[in-house]
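Worksheet: the structure to be examined is printed underneath.
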Amino acid sequence: SDGNHPGGCLARKAAPRVVAIGDGPLPEAAPREAVRAEAPAPLLAPPRTTQCTQRWQPSVQPSGSASPRSLSAAFRADGASTSSPRAVLEDVTTRKETSAAESTPAPQEEDIFSLRFPGKYVAEESEEGLTDYSDMPEHLKERNRILTPWPVCRLELKKSFGYTDAQLDAFEQLSDEDLQRAYEMMLICRDFENECAGAYMQGKIRGFMHLDNGQETIPALLADQLTKNDIKYSFYRDHTHAIASGVDPGAIMAELYGKDGGTCRGTGGSMHVYDKPTHFQGGWALVAEQLAYAVGAARSIMMDKKLGYPGKLAFRNKMNKSEDKDDRICVVFVGEGGAQNGRMAECLNAAAKEDLPLLFVVIDNGRAINTFTQDVAANQAVYRMGEHYGVPGTLVDGQNLTDVLKVGRAVMHHVRTKGPAILQVHTFRFNGHSPADPEHERNRKPEKRWARAEADPIKIFEASAEFTRGVGEEAAAACKERAAAVVQAALDFADASPDPPPSLAAELEYPDPVTTDYAAREPVGGLAEAAELTERVVPAAALATVRERIATLQQQAVESGLSIGDAVNLAILEEMLRDPTTTIHAEDLQAGSSYNIPAGTQQAFSTVRACDEIIDEGHFIGKALGEAMNNYRPIVELMNANFGIYGIAELSSAGNTYATTGGQFKMPMTVIGAGGTAPNQSLGAEHSQPFHAYIMGIPGLKICTAARPEAAYGLAKSMIRDNGPGVLLLPVKMMKIKGAPMSTDFFLPLHKATYLAKASDERVEANKAVTVLTYLHGVKEAQDAVAQVGSGYGVDLIELTSLKPLDMDTIRESLARTHRLIILDESTRSGGVGATISARVGEEAFDLLDQPVRRCVHKRRAPRRACPPACYYALRRTGRNNFGATELARSCARAGGRPCGGGCAECVGAVWCAQVVHGGRAGALLHGHREDGGEAVLRPGGSDQGRGALGCHCPEAQRIRLEQTTARAGAPRTNSPPSRTPVNTSQDDYSLSALARPATDHGAHSEQTSRPSPLLFAPDLCSCMYCPTVNEQRVGQKK
């Protein structure tokens, strides 16, 4: 520690590469900033002050093919910040070693803990005095192998974990069988990874692949200590962890090959190995994302015990036997680089808060992907990160099999009996990050060459006394033969396995089909068992209170209606009372959050099922994901839906999980939040994002919206019972507005849109009907716009209660009647929801359209501000207080072909809008536009970017342009509609070569000519759907 952090993390930097060993304050330590400013060259500069005490060294040299000196073992690095060996040696006092045959006295506790185990570097003393190591290779100066001999580990485990000598004696006992199984597991893992490398080079394995060579003691520990029922969460380097957890190596290899016989039917690949029977739950590719999922999985173990194993009847019966005890744990793996992620601190806090049975295994190979971790992380002593939370940890030499087994047994026993812990394993990875890794990073290739020769855990064990005693040559040969047979069988199985069927992707899109009857879905084990568990666990007074609240809300719904927030709250309370596997996570949960959505849940169901969360949506969405993988139905309430931006990575993984696991793990997780862009409401940029547009591209995610209490209630009920992940979005500025009276205990489909109004048959036959699609705040604005249009025009108003999957059937049904579509979109013009719908309509329903799709969308170029005038100006420059309503009313009128006669708000003076030209569907051919309050300017084609005179090159459009040019030249304007008699174009040049000639104003003729330019008119290439040629073709197609 440095003087500014007494008792803090081990060897925190006072200057680059210069660190003291001691744990207490440095005498007369200068401020860290001053030390850094004065620091000389990184590797040779002495520290300002050092405090080093004697460090015990074992008499027996470390096992391996090389001597300690050849390993440069005079220095033993513990993985903390680096130091200059020469600098440290100047103040190190060592105890002279006796001969190798002479025993060394056991270390004293005061010696060890004055250093704060395991120290930084340890020096040896030769006959000539301290040895000069200045010529040591750079990579060994920065990171060398450490020693964690068992006598030293005992003292650390006694102090940090509270073990007695008798308990530690039990952990120390390694039978011959134990050693042989561990050795065989290391051989299987090494051979498996070597064969993976070969298959990758042959092209049998594609995509990304990450190998584990050099770290085999970790899977040996897993095989030694973990059971089938323990839950395991790994990261992208997961092959050997899966093998050690009991997953079939053949299925793993087939998964890497992308075959149907793989653990995930070929959908996961190298980074995503899952196996439900052994509770191996990934394989996660985003660094450190698995930490929060493991917390959720550990919570599921805790909830099983406290709630009586809801949904797990067979397991409950097993645990009820007197001889059985539920001592399951969850193990999560993370690298020392990934442990620098903020998720680590959040998860340590969560694990400590509830004493979760969670083990963090930190695989410290010194590289954060390729970056040398010490270059980017000030704290390498990850095992001490839990001290602030009361989570003990220890460090072990990952090259020494017996040390790993002994220390690992002690740490796992603590997790099974007491609570969370950290085990940091100091290793060396023999391979680059992946086969595609060029390994250009600093010192990587010399480090690999040295590690393969001097720090191979298999070679080190084979050269040890424990190997001779417990394994021997004969047993070793048998182990090698069995390992080779296992790996060869895996290769044969992968080669013989068929490819996945082409239909697999569609089958794995959603766990539940659209025909699911949610009303008929019962809790696992049935309603009777669920009710019995709830009665047993929930106190009678709390149960009576929640039932009374439910009855009150139900009565209020029928008599006077509910707000959207109360409607969702009612749905959640009903489902949590009905199904004991339903849980909820939210910020401000005790107080009901912002809109009463989780109100009363914690008071009724305690903190076990209703969790107040820290302010990080990604963290508690991740916890919910881990619960969902382990037979619970979590609900996540977002105080504002836009805060879900913090959790997009977790939402992405939730959506992908069902497909990525080959259908093994369903994801019954519901995310509910009030959001939307809330126009003109001064909510600020971060509260007014189109979050729904951001998550539209996540596979497997169902996205629904509700702008009415009855829709919010019915969709929430269905989504909670659905077996896939869903997001229910609500309009933030309408959450407390009461709706009309409604019934309760009903369910709405998660894939259907909803008609709010329907054009009459009379309006449809008169060609004066239009389809309007909208959602969230757009529903109320569309209803206001329809009222402005009046009864002369018919509107099919459809609320998009399902954004994904999109209900194209309902949209096609309406377009078959109206042939016109307007989308009031609460997102961006590019990449927004409306853009997606417009594209699909163009692709799948083009023949039903009589004019282009019109989108009413925010025309903002910058984030929305809190200032009302600026926000309003960014939305629409219309001088109105209600975005969308006025604009939508105009759009409906134009679609119906109503001439404005100069009355249109965007028309200039008495200019004829000319919507009636070409049968009333040509758009704003002569639509004038007032430019931001300045002088009136006529713009061909209108402000709506309609095809009109800009896009159409037929004779009729050219005649219109001619009249407009006359008006520009000063000719009197007219209020009468233009003649539809086509211009004689027989003398015009329609050759394709003419298309290359320069033109002004998109093909309109110049001011100097009195006749229209034919330059862009070619009927066979015309982009206008209203010119005679195109119309004839379309009529024929329709027939």
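Each chain in the structure tokens gets a letter, A, B and so on, in the order shown; residues start at 1 in every chain, and ligands are counted from 1 in the order they appear.
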**Request:** Select from range 208-341 of chain A everything DSSP, run on the backbone, classes as helix (DSSP H, G or I), then give the selection as a ChimeraX atom specification.
**Result:** /A:217-225,239-244,249-257,289-307,313-319,338-340
Polymer residues at most 12 Å from range 614-617 of chain A, only C-alpha atoms, same-chain spacing of 3 or more positions, as a PDB file with C-alpha atoms, in the first residue's frame:
```pdb
ATOM      1  CA  ALA A 292     -24.504  -9.928 -13.410  1.00  0.00           C
ATOM      2  CA  GLY A 342     -17.496  -1.662 -13.114  1.00  0.00           C
ATOM      3  CA  ARG A 343     -19.786  -4.701 -13.175  1.00  0.00           C
ATOM      4  CA  ALA A 345     -17.872  -3.894  -8.039  1.00  0.00           C
ATOM      5  CA  GLU A 346     -21.642  -3.950  -8.571  1.00  0.00           C
ATOM      6  CA  CYS A 347     -21.763  -7.723  -8.388  1.00  0.00           C
ATOM      7  CA  ASN A 349     -21.916  -5.525  -3.639  1.00  0.00           C
ATOM      8  CA  ALA A 350     -24.972  -7.563  -4.668  1.00  0.00           C
ATOM      9  CA  LYS A 353     -25.733  -7.836   0.404  1.00  0.00           C
ATOM     10  CA  HIS A 585     -36.476  -5.531  -9.934  1.00  0.00           C
ATOM     11  CA  ALA A 586     -36.646  -1.738  -9.946  1.00  0.00           C
ATOM     12  CA  GLU A 587     -35.127   1.450  -8.640  1.00  0.00           C
ATOM     13  CA  ASP A 588     -37.180   3.209  -5.937  1.00  0.00           C
ATOM     14  CA  LEU A 589     -39.251   0.045  -5.709  1.00  0.00           C
ATOM     15  CA  CYS A 611     -35.693  -6.133  -5.164  1.00  0.00           C
ATOM     16  CA  PHE A 620     -30.383  -5.465 -12.658  1.00  0.00           C
ATOM     17  CA  ILE A 621     -31.453  -6.404 -16.180  1.00  0.00           C
ATOM     18  CA  GLY A 622     -28.492  -8.796 -16.055  1.00  0.00           C
ATOM     19  CA  LYS A 623     -29.601 -10.188 -12.692  1.00  0.00           C
ATOM     20  CA  ALA A 624     -33.069 -10.752 -14.126  1.00  0.00           C
ATOM     21  CA  VAL A 636     -37.791  -5.273 -14.674  1.00  0.00           C
ATOM     22  CA  GLU A 637     -39.335  -1.837 -14.245  1.00  0.00           C
ATOM     23  CA  LEU A 638     -37.374   1.033 -15.777  1.00  0.00           C
ATOM     24  CA  MET A 639     -38.059   4.357 -14.083  1.00  0.00           C
ATOM     25  CA  ASN A 640     -37.763   5.838 -17.553  1.00  0.00           C
ATOM     26  CA  ALA A 641     -37.543   3.535 -20.549  1.00  0.00           C
ATOM     27  CA  ASN A 642     -34.702   5.588 -21.988  1.00  0.00           C
ATOM     28  CA  PHE A 643     -32.541   4.609 -19.015  1.00  0.00           C
ATOM     29  CA  GLY A 644     -32.582   1.157 -20.583  1.00  0.00           C
ATOM     30  CA  ILE A 645     -29.778   2.461 -22.796  1.00  0.00           C
ATOM     31  CA  TYR A 646     -27.530   1.407 -19.879  1.00  0.00           C
ATOM     32  CA  GLY A 647     -28.729  -2.168 -20.390  1.00  0.00           C
ATOM     33  CA  ILE A 648     -28.760  -2.591 -24.172  1.00  0.00           C
ATOM     34  CA  ALA A 649     -25.984  -5.217 -23.976  1.00  0.00           C
ATOM     35  CA  GLU A 650     -28.022  -7.258 -21.491  1.00  0.00           C
ATOM     36  CA  LEU A 651     -31.217  -6.820 -23.529  1.00  0.00           C
ATOM     37  CA  VAL A 671     -39.044  -5.176 -19.137  1.00  0.00           C
ATOM     38  CA  ILE A 672     -41.573  -2.383 -18.585  1.00  0.00           C
ATOM     39  CA  GLY A 673     -40.861   1.325 -18.819  1.00  0.00           C
TER      40      GLY A 673
END
```
**Asked** Hey, what's within 12 Å of Arg181 in chain A if we count only C-alpha atoms and toss same-chain stuff fewer than 2 positions away? As a ChimeraX atom specification, please?
**Response** /A:174-179,183-188,217,219-225,244,401,405,467,470-471,475-476,478-480,482-483
Output of the above residues as a short mmCIF file (atom, residue, chain, number, x, y, z; two decimals), in the first residue's frame, restricted to N, CA, C and O atoms:
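Generated file (part-v2.cif):
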```
data_model
loop_
_atom_site.label_atom_id
_atom_site.label_comp_id
_atom_site.auth_asym_id
_atom_site.auth_seq_id
_atom_site.Cartn_x
_atom_site.Cartn_y
_atom_site.Cartn_z
N LEU A 174 -4.80 -34.94 -0.48
CA LEU A 174 -5.04 -35.26 -1.89
C LEU A 174 -4.70 -36.74 -2.10
O LEU A 174 -3.54 -37.14 -1.99
N SER A 175 -5.70 -37.53 -2.40
CA SER A 175 -5.47 -38.96 -2.61
C SER A 175 -4.86 -39.19 -3.98
O SER A 175 -4.84 -38.30 -4.84
N ASP A 176 -4.38 -40.41 -4.20
CA ASP A 176 -3.84 -40.77 -5.50
C ASP A 176 -4.91 -40.64 -6.57
O ASP A 176 -4.65 -40.18 -7.69
N GLU A 177 -6.13 -41.03 -6.24
CA GLU A 177 -7.24 -40.91 -7.20
C GLU A 177 -7.48 -39.46 -7.56
O GLU A 177 -7.74 -39.12 -8.72
N ASP A 178 -7.45 -38.59 -6.56
CA ASP A 178 -7.66 -37.16 -6.82
C ASP A 178 -6.62 -36.64 -7.81
O ASP A 178 -6.96 -35.93 -8.77
N LEU A 179 -5.37 -36.98 -7.58
CA LEU A 179 -4.29 -36.48 -8.44
C LEU A 179 -4.41 -37.07 -9.84
O LEU A 179 -4.18 -36.38 -10.83
N TYR A 183 -4.94 -34.90 -13.19
CA TYR A 183 -3.94 -34.99 -14.26
C TYR A 183 -4.61 -35.36 -15.58
O TYR A 183 -4.33 -34.76 -16.63
N GLU A 184 -5.53 -36.32 -15.53
CA GLU A 184 -6.22 -36.73 -16.76
C GLU A 184 -7.07 -35.59 -17.33
O GLU A 184 -7.13 -35.39 -18.55
N MET A 185 -7.72 -34.83 -16.45
CA MET A 185 -8.51 -33.70 -16.94
C MET A 185 -7.61 -32.67 -17.61
O MET A 185 -7.99 -32.11 -18.67
N MET A 186 -6.43 -32.41 -17.06
CA MET A 186 -5.52 -31.46 -17.71
C MET A 186 -5.11 -31.97 -19.09
O MET A 186 -5.04 -31.20 -20.05
N LEU A 187 -4.86 -33.26 -19.20
CA LEU A 187 -4.47 -33.83 -20.49
C LEU A 187 -5.60 -33.74 -21.50
O LEU A 187 -5.37 -33.41 -22.67
N ILE A 188 -6.82 -34.04 -21.08
CA ILE A 188 -7.96 -33.95 -22.00
C ILE A 188 -8.11 -32.52 -22.52
O ILE A 188 -8.29 -32.29 -23.72
N THR A 217 -4.96 -26.10 -14.93
CA THR A 217 -5.23 -26.41 -13.52
C THR A 217 -6.65 -25.94 -13.11
O THR A 217 -7.23 -26.49 -12.17
N PRO A 219 -9.66 -26.02 -15.01
CA PRO A 219 -10.64 -27.09 -15.22
C PRO A 219 -10.40 -28.31 -14.33
O PRO A 219 -11.34 -29.01 -13.96
N ALA A 220 -9.14 -28.57 -13.97
CA ALA A 220 -8.88 -29.68 -13.03
C ALA A 220 -9.54 -29.41 -11.70
O ALA A 220 -10.12 -30.33 -11.08
N LEU A 221 -9.50 -28.18 -11.23
CA LEU A 221 -10.18 -27.83 -9.99
C LEU A 221 -11.69 -27.96 -10.13
O LEU A 221 -12.37 -28.45 -9.22
N LEU A 222 -12.24 -27.50 -11.25
CA LEU A 222 -13.69 -27.60 -11.46
C LEU A 222 -14.14 -29.05 -11.41
O LEU A 222 -15.15 -29.39 -10.78
N ALA A 223 -13.43 -29.92 -12.11
CA ALA A 223 -13.80 -31.33 -12.12
C ALA A 223 -13.68 -31.95 -10.73
O ALA A 223 -14.43 -32.87 -10.38
N ASP A 224 -12.77 -31.44 -9.93
CA ASP A 224 -12.54 -31.97 -8.59
C ASP A 224 -13.65 -31.55 -7.63
O ASP A 224 -14.02 -32.31 -6.73
N GLN A 225 -14.21 -30.35 -7.81
CA GLN A 225 -15.07 -29.78 -6.77
C GLN A 225 -16.51 -29.53 -7.17
O GLN A 225 -17.38 -29.49 -6.31
N ALA A 244 -14.86 -29.75 -18.08
CA ALA A 244 -14.69 -30.04 -16.66
C ALA A 244 -16.01 -30.05 -15.92
O ALA A 244 -16.13 -30.67 -14.86
N LEU A 401 -0.49 -27.45 -9.71
CA LEU A 401 -1.76 -28.15 -9.61
C LEU A 401 -2.17 -28.39 -8.16
O LEU A 401 -3.33 -28.17 -7.79
N LEU A 405 -5.57 -27.10 -6.21
CA LEU A 405 -6.58 -28.00 -5.66
C LEU A 405 -6.83 -27.72 -4.17
O LEU A 405 -7.98 -27.65 -3.72
N PHE A 467 3.50 -35.99 -8.16
CA PHE A 467 3.24 -36.83 -9.32
C PHE A 467 3.84 -38.21 -9.12
O PHE A 467 3.19 -39.23 -9.38
N GLY A 470 1.63 -39.94 -6.34
CA GLY A 470 0.23 -40.19 -6.55
C GLY A 470 -0.16 -40.70 -7.93
O GLY A 470 -1.25 -41.25 -8.10
N VAL A 471 0.71 -40.52 -8.92
CA VAL A 471 0.37 -40.92 -10.28
C VAL A 471 1.32 -42.01 -10.76
O VAL A 471 0.93 -43.16 -10.96
N ALA A 475 0.42 -45.21 -14.34
CA ALA A 475 -0.89 -44.54 -14.32
C ALA A 475 -0.91 -43.35 -15.27
O ALA A 475 -1.95 -43.07 -15.90
N ALA A 476 0.21 -42.66 -15.39
CA ALA A 476 0.27 -41.52 -16.30
C ALA A 476 0.05 -41.96 -17.74
O ALA A 476 -0.66 -41.28 -18.51
N ALA A 478 -1.65 -44.51 -18.73
CA ALA A 478 -3.07 -44.84 -18.88
C ALA A 478 -3.91 -43.57 -18.99
O ALA A 478 -4.87 -43.50 -19.78
N CYS A 479 -3.57 -42.55 -18.22
CA CYS A 479 -4.28 -41.27 -18.31
C CYS A 479 -4.15 -40.66 -19.69
O CYS A 479 -5.13 -40.16 -20.28
N LYS A 480 -2.95 -40.70 -20.25
CA LYS A 480 -2.73 -40.13 -21.58
C LYS A 480 -3.51 -40.90 -22.64
O LYS A 480 -4.08 -40.31 -23.56
N ARG A 482 -6.34 -42.61 -22.19
CA ARG A 482 -7.76 -42.30 -22.06
C ARG A 482 -8.07 -40.89 -22.58
O ARG A 482 -9.10 -40.67 -23.24
N ALA A 483 -7.20 -39.94 -22.30
CA ALA A 483 -7.43 -38.57 -22.77
C ALA A 483 -7.44 -38.51 -24.30
O ALA A 483 -8.30 -37.86 -24.91
#
```
**Fill in**
Here CA of Ser606 in chain A and CA of Met303 in chain A stand apart by 11.4 Å
**Request:** Using only C-alpha atoms, determine which residues lie at most 7 Å from range 718-722 of chain A, disregarding the query and same-chain residues fewer than 4 positions distant; provide the list as a PyMOL selection string.
**Result:** chain A and resi 512+518+668+670+714+726+747-748
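For Thr417 in chain A, the set of protein, DNA and RNA residues having any atom at most 12 Å away, when counting only C-alpha atoms and skipping those fewer than 2 positions along the same chain, is Phe161, Lys325, Asp326, Asp327, Arg328, Ile329, Asp355, Leu356, Pro357, Leu358, Leu359, Ala410, Val411, Met412, His413, His414, Val415, Gly419, Pro420 and Ala421 of chain A.
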**Message:** Which residue is closest to Pro598 in chain A? Choose from A:Ser688, A:Thr164, A:Thr581, A:Asn569 and count only C-alpha atoms.
**Reply:** A:Asn569
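Minimum atom-to-atom distances from A:Ser830, A:Gln424, A:Ser434, A:Thr818 to Leu848 in chain A were compared using only C-alpha atoms, and the lowest value belongs to A:Thr818.
Separating CA of Leu750 in chain A from CA of Ala712 in chain A is a distance of 11.3 Å.
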Mind listing the strand (DSSP E) residues of range 401-475 of chain A, per DSSP on the backbone, as an mmCIF file with C-alpha atoms, in the first residue's frame?
```cif
data_model
loop_
_atom_site.group_PDB
_atom_site.id
_atom_site.type_symbol
_atom_site.label_atom_id
_atom_site.label_comp_id
_atom_site.auth_asym_id
_atom_site.auth_seq_id
_atom_site.Cartn_x
_atom_site.Cartn_y
_atom_site.Cartn_z
ATOM 1 C CA ALA A 421 -15.547 -15.303 -2.267
ATOM 2 C CA ILE A 422 -12.882 -14.499 -4.858
ATOM 3 C CA LEU A 423 -10.222 -16.913 -6.114
ATOM 4 C CA GLN A 424 -7.553 -15.297 -8.279
ATOM 5 C CA VAL A 425 -5.503 -17.811 -10.238
ATOM 6 C CA HIS A 426 -2.186 -16.498 -11.596
#
```
**Message:** Report as a list in words all protein, DNA and RNA residues lying within 8 Å of Asp579 in chain A, evaluated on only C-alpha atoms, omitting residues in the same chain fewer than 6 positions from it.
**Reply:** Pro523, Leu527, Ala530 and Ala531 of chain A
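The residue that comes closest to Ile597 in chain A, out of A:Leu543, A:Leu577, A:Ala759, A:Ala716 and on the basis of only C-alpha atoms, is A:Ala716.
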